[in-house]
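*Asks:* Dropping in query.pdb, with PDB, C-alpha atoms and all ligand atoms.
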MODEL        1
ATOM      1  CA  MET A 156      13.867 -99.882  32.577  1.00  0.00           C
ATOM      2  CA  GLN A 157      15.943-101.855  35.057  1.00  0.00           C
ATOM      3  CA  ILE A 158      18.862-104.030  33.986  1.00  0.00           C
ATOM      4  CA  GLY A 159      19.295-106.906  36.408  1.00  0.00           C
ATOM      5  CA  SER A 160      22.773-108.189  35.563  1.00  0.00           C
ATOM      6  CA  ILE A 161      25.891-107.547  33.515  1.00  0.00           C
ATOM      7  CA  GLU A 162      24.903-110.549  31.328  1.00  0.00           C
ATOM      8  CA  GLU A 163      21.527-108.959  30.584  1.00  0.00           C
ATOM      9  CA  PHE A 164      23.224-105.602  29.862  1.00  0.00           C
ATOM     10  CA  GLN A 165      25.633-107.219  27.408  1.00  0.00           C
ATOM     11  CA  SER A 166      23.007-109.441  25.766  1.00  0.00           C
ATOM     12  CA  LYS A 167      21.164-106.351  24.471  1.00  0.00           C
ATOM     13  CA  ILE A 168      24.188-105.198  22.473  1.00  0.00           C
ATOM     14  CA  LYS A 169      23.388-107.103  19.271  1.00  0.00           C
ATOM     15  CA  ARG A 170      26.354-106.018  17.114  1.00  0.00           C
ATOM     16  CA  VAL A 171      28.627-103.066  16.574  1.00  0.00           C
ATOM     17  CA  ILE A 172      27.616-101.185  13.443  1.00  0.00           C
ATOM     18  CA  ILE A 173      30.050 -98.230  13.671  1.00  0.00           C
ATOM     19  CA  THR A 174      33.387 -98.727  15.416  1.00  0.00           C
ATOM     20  CA  GLU A 175      35.218 -96.311  17.684  1.00  0.00           C
ATOM     21  CA  GLU A 176      37.869 -95.802  14.989  1.00  0.00           C
ATOM     22  CA  GLU A 177      35.283 -95.059  12.282  1.00  0.00           C
ATOM     23  CA  ILE A 178      33.608 -92.488  14.541  1.00  0.00           C
ATOM     24  CA  LYS A 179      36.949 -90.870  15.401  1.00  0.00           C
ATOM     25  CA  SER A 180      37.901 -90.428  11.769  1.00  0.00           C
ATOM     26  CA  ALA A 181      34.446 -89.086  10.742  1.00  0.00           C
ATOM     27  CA  VAL A 182      34.404 -86.598  13.648  1.00  0.00           C
ATOM     28  CA  LYS A 183      37.870 -85.341  12.661  1.00  0.00           C
ATOM     29  CA  LYS A 184      36.633 -84.766   9.097  1.00  0.00           C
ATOM     30  CA  ALA A 185      33.515 -82.947  10.351  1.00  0.00           C
ATOM     31  CA  GLY A 186      35.657 -80.680  12.558  1.00  0.00           C
ATOM     32  CA  ALA A 187      37.908 -79.811   9.610  1.00  0.00           C
ATOM     33  CA  MET A 188      34.835 -78.974   7.536  1.00  0.00           C
ATOM     34  CA  ILE A 189      33.570 -76.604  10.255  1.00  0.00           C
ATOM     35  CA  ASN A 190      37.008 -74.954  10.577  1.00  0.00           C
ATOM     36  CA  SER A 191      37.118 -74.223   6.864  1.00  0.00           C
ATOM     37  CA  LEU A 192      33.476 -73.113   6.549  1.00  0.00           C
ATOM     38  CA  TYR A 193      33.402 -70.648   9.444  1.00  0.00           C
ATOM     39  CA  ASP A 194      36.979 -69.384   9.451  1.00  0.00           C
ATOM     40  CA  GLY A 195      36.915 -66.757  12.203  1.00  0.00           C
ATOM     41  CA  LYS A 196      33.151 -66.091  12.355  1.00  0.00           C
ATOM     42  CA  PRO A 197      31.597 -66.426  15.847  1.00  0.00           C
ATOM     43  CA  ILE A 198      30.247 -69.962  16.150  1.00  0.00           C
ATOM     44  CA  LEU A 199      27.776 -71.279  18.677  1.00  0.00           C
ATOM     45  CA  LEU A 200      27.521 -75.067  18.887  1.00  0.00           C
ATOM     46  CA  VAL A 201      24.076 -75.937  20.235  1.00  0.00           C
ATOM     47  CA  SER A 202      23.928 -79.430  21.664  1.00  0.00           C
ATOM     48  CA  ILE A 203      20.483 -81.003  21.901  1.00  0.00           C
ATOM     49  CA  LEU A 204      20.607 -83.046  25.103  1.00  0.00           C
ATOM     50  CA  LYS A 205      21.025 -85.666  26.139  1.00  0.00           C
ATOM     51  CA  GLY A 206      21.946 -87.824  23.157  1.00  0.00           C
ATOM     52  CA  SER A 207      24.486 -85.489  21.539  1.00  0.00           C
ATOM     53  CA  PHE A 208      26.755 -84.898  24.536  1.00  0.00           C
ATOM     54  CA  VAL A 209      29.468 -87.415  23.554  1.00  0.00           C
ATOM     55  CA  PHE A 210      29.477 -86.313  19.905  1.00  0.00           C
ATOM     56  CA  LEU A 211      29.645 -82.659  20.981  1.00  0.00           C
ATOM     57  CA  ALA A 212      32.551 -83.337  23.351  1.00  0.00           C
ATOM     58  CA  ASP A 213      34.615 -84.997  20.615  1.00  0.00           C
ATOM     59  CA  LEU A 214      33.567 -82.595  17.834  1.00  0.00           C
ATOM     60  CA  CYS A 215      34.390 -79.424  19.770  1.00  0.00           C
ATOM     61  CA  LYS A 216      37.954 -80.691  20.366  1.00  0.00           C
ATOM     62  CA  GLN A 217      38.454 -80.739  16.577  1.00  0.00           C
ATOM     63  CA  ILE A 218      37.410 -77.105  16.188  1.00  0.00           C
ATOM     64  CA  THR A 219      40.315 -74.689  15.982  1.00  0.00           C
ATOM     65  CA  VAL A 220      38.341 -71.461  15.396  1.00  0.00           C
ATOM     66  CA  PRO A 221      36.687 -69.515  18.263  1.00  0.00           C
ATOM     67  CA  CYS A 222      33.471 -71.197  19.308  1.00  0.00           C
ATOM     68  CA  GLU A 223      31.041 -71.164  22.198  1.00  0.00           C
ATOM     69  CA  ILE A 224      28.879 -74.016  23.403  1.00  0.00           C
ATOM     70  CA  GLY A 225      25.250 -74.014  24.478  1.00  0.00           C
ATOM     71  CA  PHE A 226      22.810 -76.694  25.550  1.00  0.00           C
ATOM     72  CA  MET A 227      19.121 -77.202  25.008  1.00  0.00           C
ATOM     73  CA  ILE A 228      16.600 -79.810  26.055  1.00  0.00           C
ATOM     74  CA  ALA A 229      13.713 -79.825  23.605  1.00  0.00           C
ATOM     75  CA  LYS A 230      10.698 -82.056  23.160  1.00  0.00           C
ATOM     76  CA  SER A 231       8.269 -81.981  20.242  1.00  0.00           C
ATOM     77  CA  TYR A 232       4.545 -82.493  20.571  1.00  0.00           C
ATOM     78  CA  TYR A 233       2.746 -84.572  18.015  1.00  0.00           C
ATOM     79  CA  GLU A 234      -0.884 -84.817  16.886  1.00  0.00           C
ATOM     80  CA  GLY A 235      -1.054 -88.438  15.717  1.00  0.00           C
ATOM     81  CA  THR A 236       1.953 -88.758  13.452  1.00  0.00           C
ATOM     82  CA  GLN A 237       2.004 -85.066  12.573  1.00  0.00           C
ATOM     83  CA  SER A 238       4.216 -82.567  14.304  1.00  0.00           C
ATOM     84  CA  SER A 239       2.066 -79.959  16.001  1.00  0.00           C
ATOM     85  CA  GLY A 240       4.863 -77.487  15.380  1.00  0.00           C
ATOM     86  CA  ILE A 241       5.028 -76.963  19.111  1.00  0.00           C
ATOM     87  CA  VAL A 242       8.338 -77.657  20.732  1.00  0.00           C
ATOM     88  CA  ARG A 243       8.568 -77.640  24.492  1.00  0.00           C
ATOM     89  CA  ILE A 244      11.871 -76.342  25.716  1.00  0.00           C
ATOM     90  CA  ASN A 245      12.744 -78.060  28.967  1.00  0.00           C
ATOM     91  CA  MET A 246      16.007 -76.151  29.080  1.00  0.00           C
ATOM     92  CA  ASP A 247      16.643 -73.164  26.837  1.00  0.00           C
ATOM     93  CA  LEU A 248      19.843 -71.660  25.494  1.00  0.00           C
ATOM     94  CA  GLU A 249      21.410 -68.844  27.468  1.00  0.00           C
ATOM     95  CA  HIS A 250      22.782 -67.210  24.314  1.00  0.00           C
ATOM     96  CA  ASP A 251      21.280 -64.482  22.162  1.00  0.00           C
ATOM     97  CA  VAL A 252      21.533 -66.391  18.866  1.00  0.00           C
ATOM     98  CA  SER A 253      21.339 -63.227  16.747  1.00  0.00           C
ATOM     99  CA  LYS A 254      25.024 -62.727  17.558  1.00  0.00           C
ATOM    100  CA  TYR A 255      26.119 -66.128  16.291  1.00  0.00           C
ATOM    101  CA  ASN A 256      26.487 -68.532  13.424  1.00  0.00           C
ATOM    102  CA  VAL A 257      24.608 -71.394  15.013  1.00  0.00           C
ATOM    103  CA  ILE A 258      25.415 -75.060  14.444  1.00  0.00           C
ATOM    104  CA  ILE A 259      22.898 -77.426  15.989  1.00  0.00           C
ATOM    105  CA  VAL A 260      24.645 -80.648  17.073  1.00  0.00           C
ATOM    106  CA  GLU A 261      22.317 -83.674  17.156  1.00  0.00           C
ATOM    107  CA  ASP A 262      22.812 -87.383  17.781  1.00  0.00           C
ATOM    108  CA  ILE A 263      20.326 -88.801  15.274  1.00  0.00           C
ATOM    109  CA  VAL A 264      17.655 -87.618  12.866  1.00  0.00           C
ATOM    110  CA  ASP A 265      14.873 -90.168  12.796  1.00  0.00           C
ATOM    111  CA  THR A 266      11.389 -88.883  11.856  1.00  0.00           C
ATOM    112  CA  GLY A 267      12.849 -85.367  11.716  1.00  0.00           C
ATOM    113  CA  ARG A 268      10.115 -83.906  13.938  1.00  0.00           C
ATOM    114  CA  THR A 269      12.305 -82.688  16.798  1.00  0.00           C
ATOM    115  CA  LEU A 270      14.827 -80.938  14.607  1.00  0.00           C
ATOM    116  CA  SER A 271      12.328 -79.368  12.249  1.00  0.00           C
ATOM    117  CA  ASP A 272      10.669 -77.793  15.299  1.00  0.00           C
ATOM    118  CA  VAL A 273      13.947 -76.742  16.941  1.00  0.00           C
ATOM    119  CA  VAL A 274      15.185 -75.214  13.664  1.00  0.00           C
ATOM    120  CA  LYS A 275      11.893 -73.334  13.273  1.00  0.00           C
ATOM    121  CA  LEU A 276      12.226 -72.004  16.822  1.00  0.00           C
ATOM    122  CA  LEU A 277      15.862 -70.922  16.529  1.00  0.00           C
ATOM    123  CA  LYS A 278      15.274 -69.334  13.100  1.00  0.00           C
ATOM    124  CA  SER A 279      12.553 -67.196  14.673  1.00  0.00           C
ATOM    125  CA  ARG A 280      15.305 -65.748  16.900  1.00  0.00           C
ATOM    126  CA  ASN A 281      17.249 -64.546  13.823  1.00  0.00           C
ATOM    127  CA  PRO A 282      20.668 -66.219  14.063  1.00  0.00           C
ATOM    128  CA  ALA A 283      23.404 -64.873  11.753  1.00  0.00           C
ATOM    129  CA  SER A 284      23.256 -68.314  10.103  1.00  0.00           C
ATOM    130  CA  LEU A 285      22.049 -71.765  11.077  1.00  0.00           C
ATOM    131  CA  ARG A 286      23.217 -75.238  10.106  1.00  0.00           C
ATOM    132  CA  VAL A 287      22.537 -78.699  11.504  1.00  0.00           C
ATOM    133  CA  ILE A 288      25.121 -81.418  11.966  1.00  0.00           C
ATOM    134  CA  THR A 289      24.031 -84.885  13.011  1.00  0.00           C
ATOM    135  CA  LEU A 290      26.073 -87.922  13.915  1.00  0.00           C
ATOM    136  CA  LEU A 291      23.509 -90.330  12.456  1.00  0.00           C
ATOM    137  CA  ASP A 292      20.761 -90.103   9.874  1.00  0.00           C
ATOM    138  CA  LYS A 293      17.983 -92.698   9.584  1.00  0.00           C
ATOM    139  CA  PRO A 294      16.226 -91.501   6.381  1.00  0.00           C
ATOM    140  CA  ASP A 295      13.911 -94.539   6.098  1.00  0.00           C
ATOM    141  CA  ARG A 296      11.896 -93.295   9.066  1.00  0.00           C
ATOM    142  CA  ARG A 297      11.527 -89.672   7.983  1.00  0.00           C
ATOM    143  CA  ILE A 298       8.008 -88.237   8.051  1.00  0.00           C
ATOM    144  CA  THR A 299       9.026 -84.597   7.592  1.00  0.00           C
ATOM    145  CA  ASP A 300      11.066 -82.982   4.828  1.00  0.00           C
ATOM    146  CA  PHE A 301      13.846 -82.167   7.304  1.00  0.00           C
ATOM    147  CA  LYS A 302      17.402 -82.635   6.038  1.00  0.00           C
ATOM    148  CA  ALA A 303      20.546 -82.015   8.080  1.00  0.00           C
ATOM    149  CA  ASP A 304      23.304 -79.993   6.420  1.00  0.00           C
ATOM    150  CA  TYR A 305      25.889 -82.592   7.386  1.00  0.00           C
ATOM    151  CA  SER A 306      25.502 -86.161   8.623  1.00  0.00           C
ATOM    152  CA  LEU A 307      28.447 -88.336   9.528  1.00  0.00           C
ATOM    153  CA  PHE A 308      26.744 -91.700   8.992  1.00  0.00           C
ATOM    154  CA  THR A 309      23.546 -92.843   7.279  1.00  0.00           C
ATOM    155  CA  ILE A 310      22.113 -95.994   8.837  1.00  0.00           C
ATOM    156  CA  PRO A 311      19.197 -98.353   8.099  1.00  0.00           C
ATOM    157  CA  ASP A 312      16.143 -98.482  10.323  1.00  0.00           C
ATOM    158  CA  TYR A 313      17.837-100.020  13.367  1.00  0.00           C
ATOM    159  CA  PHE A 314      17.372 -98.883  16.944  1.00  0.00           C
ATOM    160  CA  VAL A 315      20.910 -97.953  17.920  1.00  0.00           C
ATOM    161  CA  ILE A 316      22.708 -97.348  21.197  1.00  0.00           C
ATOM    162  CA  GLY A 317      26.085 -96.048  22.305  1.00  0.00           C
ATOM    163  CA  TYR A 318      28.213 -92.923  21.861  1.00  0.00           C
ATOM    164  CA  GLY A 319      25.580 -90.860  23.688  1.00  0.00           C
ATOM    165  CA  LEU A 320      22.488 -92.736  22.499  1.00  0.00           C
ATOM    166  CA  ASP A 321      20.562 -94.628  25.135  1.00  0.00           C
ATOM    167  CA  CYS A 322      17.960 -97.236  25.746  1.00  0.00           C
ATOM    168  CA  GLY A 323      16.204 -96.535  29.038  1.00  0.00           C
ATOM    169  CA  GLU A 324      19.141 -94.263  29.962  1.00  0.00           C
ATOM    170  CA  TYR A 325      21.680 -97.107  29.672  1.00  0.00           C
ATOM    171  CA  TYR A 326      24.420 -97.581  27.040  1.00  0.00           C
ATOM    172  CA  ARG A 327      25.239 -93.882  26.452  1.00  0.00           C
ATOM    173  CA  ASN A 328      28.819 -94.585  27.580  1.00  0.00           C
ATOM    174  CA  LEU A 329      29.606 -97.234  24.927  1.00  0.00           C
ATOM    175  CA  PRO A 330      32.458 -95.905  22.742  1.00  0.00           C
ATOM    176  CA  TYR A 331      30.869 -97.332  19.548  1.00  0.00           C
ATOM    177  CA  ILE A 332      27.409 -97.437  17.934  1.00  0.00           C
ATOM    178  CA  ALA A 333      25.626-100.761  18.227  1.00  0.00           C
ATOM    179  CA  GLU A 334      22.316-102.204  17.181  1.00  0.00           C
ATOM    180  CA  TYR A 335      20.069-102.817  20.188  1.00  0.00           C
ATOM    181  CA  SER A 336      18.634-106.279  20.628  1.00  0.00           C
ATOM    182  CA  GLU A 337      14.982-106.305  21.743  1.00  0.00           C
ATOM    183  CA  GLY A 338      14.963-109.926  22.916  1.00  0.00           C
ATOM    184  CA  LYS A 339      17.454-112.436  24.262  1.00  0.00           C
ATOM    185  CA  ASP A 340      16.576-115.056  21.637  1.00  0.00           C
ATOM    186  CA  GLU A 341      17.069-112.847  18.545  1.00  0.00           C
TER
HETATM  187  P1  LIG A 401      12.966 -87.495  15.678  1.00  0.00           P
HETATM  188  O1  LIG A 401      12.225 -86.285  16.173  1.00  0.00           O
HETATM  189  O2  LIG A 401      13.900 -87.227  14.518  1.00  0.00           O
HETATM  190  O3  LIG A 401      12.029 -88.642  15.375  1.00  0.00           O
HETATM  191  O4  LIG A 401      13.759 -88.056  16.897  1.00  0.00           O
HETATM  192  C1  LIG A 401      14.992 -87.716  17.256  1.00  0.00           C
HETATM  193  C2  LIG A 401      15.290 -88.279  18.635  1.00  0.00           C
HETATM  194  O5  LIG A 401      14.765 -89.606  18.825  1.00  0.00           O
HETATM  195  C3  LIG A 401      16.791 -88.434  18.767  1.00  0.00           C
HETATM  196  O6  LIG A 401      17.376 -87.240  19.236  1.00  0.00           O
HETATM  197  C4  LIG A 401      16.906 -89.593  19.729  1.00  0.00           C
HETATM  198  O7  LIG A 401      16.859 -89.121  21.056  1.00  0.00           O
HETATM  199  C5  LIG A 401      15.680 -90.454  19.475  1.00  0.00           C
HETATM  200  N1  LIG A 401      16.011 -91.593  18.580  1.00  0.00           N
HETATM  201  C6  LIG A 401      15.625 -91.777  17.309  1.00  0.00           C
HETATM  202  N2  LIG A 401      16.142 -92.930  16.801  1.00  0.00           N
HETATM  203  C7  LIG A 401      16.879 -93.485  17.795  1.00  0.00           C
HETATM  204  C8  LIG A 401      17.685 -94.675  17.874  1.00  0.00           C
HETATM  205  O8  LIG A 401      17.850 -95.489  16.947  1.00  0.00           O
HETATM  206  N3  LIG A 401      18.309 -94.887  19.067  1.00  0.00           N
HETATM  207  C9  LIG A 401      18.182 -94.049  20.132  1.00  0.00           C
HETATM  208  N4  LIG A 401      18.843 -94.382  21.234  1.00  0.00           N
HETATM  209  N5  LIG A 401      17.445 -92.915  20.082  1.00  0.00           N
HETATM  210  C10 LIG A 401      16.798 -92.635  18.915  1.00  0.00           C
ENDMDL
END
What's the structure tokens form of this structure?
Ligand code: 5GP

*Replies:*
Amino acid sequence: MQIGSIEEFQSKIKRVIITEEEIKSAVKKAGAMINSLYDGKPILLVSILKGSFVFLADLCKQITVPCEIGFMIAKSYYEGTQSSGIVRINMDLEHDVSKYNVIIVEDIVDTGRTLSDVVKLLKSRNPASLRVITLLDKPDRRITDFKADYSLFTIPDYFVIGYGLDCGEYYRNLPYIAEYSEGKDE
């Protein structure tokens, strides 16, 4: 995807659905929840790249208990609409998860395929505990029974951009979440 002009770039941002202030306040609340839940236990925040990097950066600043940070790039393989259960790890964690209470940090749960596979994989490595926190949840599109332990916002079936989420690698740097406009004349 190539964006030809600033006008074209801006025309794809249909409308803001979650403001910077709303995100800030929800992230603060999520951090407080983590601080009270884990209280001194060794935490490993596992960011699933690339979409969760902005959320992770803000969330980890709200955490006041000792925590480490790891990154993973994972891709699920599907047979038709069904998850094959195979997840290809393009970049694996460096940590031995058996030593940690793992919190997977995700940008959005859509069909649920990626996270159900990543959870299956990390559980097979016997973490002390495992929870999933997601910035956004789009339950209308779910085709698995995956449910995150904590989601900051539930949204309708819109394709969204901003705050780490991209379209063709653009828009990750927007400080808010916006609905993406497919066409200029929408
Ligand atoms: P799932 O396996 O749950 O279908 O897909 C999760 C991944 O799909 C997310 O991590 C994200 O990269 C991508 N995705 C799903 N919905 C959206 C969306 O509305 N906007 C963007 N930018 N990415 C999405």

*Asks:* Which residues form the shell of 7 Å around ligand LIG 401 (chain A) when you count all atoms listed in the file, given as a ChimeraX atom specification?

*Replies:* /A:206,261-270,313-316,320-322

*Asks:* I need the output of the PyMOL selection byres (((chain A and resi 303) around 9) and not hetatm) for this file as a compact mmCIF listing (two decimals) with C-alpha atoms, keeping the file's coordinate frame; which residues are they?

*Replies:*
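Output (part_9.txt):
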# COMPACT_ATOMS: atom_id res chain seq x y z
CA VAL A 264 17.66 -87.62 12.87
CA LEU A 270 14.83 -80.94 14.61
CA ARG A 286 23.22 -75.24 10.11
CA VAL A 287 22.54 -78.70 11.50
CA ILE A 288 25.12 -81.42 11.97
CA THR A 289 24.03 -84.88 13.01
CA ASP A 292 20.76 -90.10 9.87
CA PHE A 301 13.85 -82.17 7.30
CA LYS A 302 17.40 -82.64 6.04
CA ASP A 304 23.30 -79.99 6.42
CA TYR A 305 25.89 -82.59 7.39
CA SER A 306 25.50 -86.16 8.62

*Asks:* Work out how far apart CA of Tyr326 in chain A and CA of Val201 in chain A are and give it in Å to one decimal.

*Replies:*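 Going from CA of Tyr326 in chain A over to CA of Val201 in chain A covers 22.7 Å.
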
*Asks:* Quick one: residues within 7 Å of Pro282 in chain A, only C-alpha atoms counted, chain neighbours fewer than 2 positions away excluded, as a list in words?

*Replies:*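 In the requested format, the answer is Val252, Ser253, Lys254, Tyr255, Asn256, Val257, Lys278, Arg280, Ser284 and Leu285 of chain A.
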
*Asks:* Go ahead and dump the residues you just picked, C-alpha atoms, as a PDB file, keeping the file's coordinate frame.

*Replies:*
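Below is the file that was written, out-v4.pdb:
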ATOM      1  CA  VAL A 252      21.533 -66.391  18.866  1.00  0.00           C
ATOM      2  CA  SER A 253      21.339 -63.227  16.747  1.00  0.00           C
ATOM      3  CA  LYS A 254      25.024 -62.727  17.558  1.00  0.00           C
ATOM      4  CA  TYR A 255      26.119 -66.128  16.291  1.00  0.00           C
ATOM      5  CA  ASN A 256      26.487 -68.532  13.424  1.00  0.00           C
ATOM      6  CA  VAL A 257      24.608 -71.394  15.013  1.00  0.00           C
ATOM      7  CA  LYS A 278      15.274 -69.334  13.100  1.00  0.00           C
ATOM      8  CA  ARG A 280      15.305 -65.748  16.900  1.00  0.00           C
ATOM      9  CA  SER A 284      23.256 -68.314  10.103  1.00  0.00           C
ATOM     10  CA  LEU A 285      22.049 -71.765  11.077  1.00  0.00           C
TER      11      LEU A 285
END

*Asks:* Separation of CA of Asn245 in chain A and CA of Ala185 in chain A, in Å?

*Replies:* 28.3 Å

*Asks:* So which residues get picked by the PyMOL selection byres (((chain A and resi 170) around 12) and not hetatm) here, written as an MDAnalysis selection string?

*Replies:* chainID A and resid 165:169 171:174 313:317 331:336 341

*Asks:* Would you kindly translate the PyMOL selection byres (((chain A and resi 311) around 9) and not hetatm) into the concrete residues it picks from this file, as an MDAnalysis selection string?

*Replies:* chainID A and resid 292:296 309:310 312:313

*Asks:* Please dump the current selection as a PDB file, in the frame of the given file; keep C-alpha atoms.

*Replies:*
ATOM      1  CA  ASP A 292      20.761 -90.103   9.874  1.00  0.00           C
ATOM      2  CA  LYS A 293      17.983 -92.698   9.584  1.00  0.00           C
ATOM      3  CA  PRO A 294      16.226 -91.501   6.381  1.00  0.00           C
ATOM      4  CA  ASP A 295      13.911 -94.539   6.098  1.00  0.00           C
ATOM      5  CA  ARG A 296      11.896 -93.295   9.066  1.00  0.00           C
ATOM      6  CA  THR A 309      23.546 -92.843   7.279  1.00  0.00           C
ATOM      7  CA  ILE A 310      22.113 -95.994   8.837  1.00  0.00           C
ATOM      8  CA  ASP A 312      16.143 -98.482  10.323  1.00  0.00           C
ATOM      9  CA  TYR A 313      17.837-100.020  13.367  1.00  0.00           C
TER      10      TYR A 313
END

*Asks:* Just to confirm, what's the straight-line distance from CA of Ile228 in chain A to CA of Glu176 in chain A in Å (one decimal)?

*Replies:*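 The value is 28.8 Å.
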
*Asks:* Quick one: residues within 12 Å of (36.8, -75.0, 20.3) (file frame), counting all atoms listed in the file, please, as a ChimeraX atom specification.

*Replies:* /A:186-187,189-190,195,197-200,211-224

*Asks:* Compare A:Ile203, A:Lys196, A:Ile158, A:Glu249 by their minimum atom-to-atom distance to Val274 in chain A, counting only C-alpha atoms, and give me the closest one.

*Replies:*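 Comparing A:Ile203, A:Lys196, A:Ile158, A:Glu249 against Val274 in chain A, the winner is A:Ile203.
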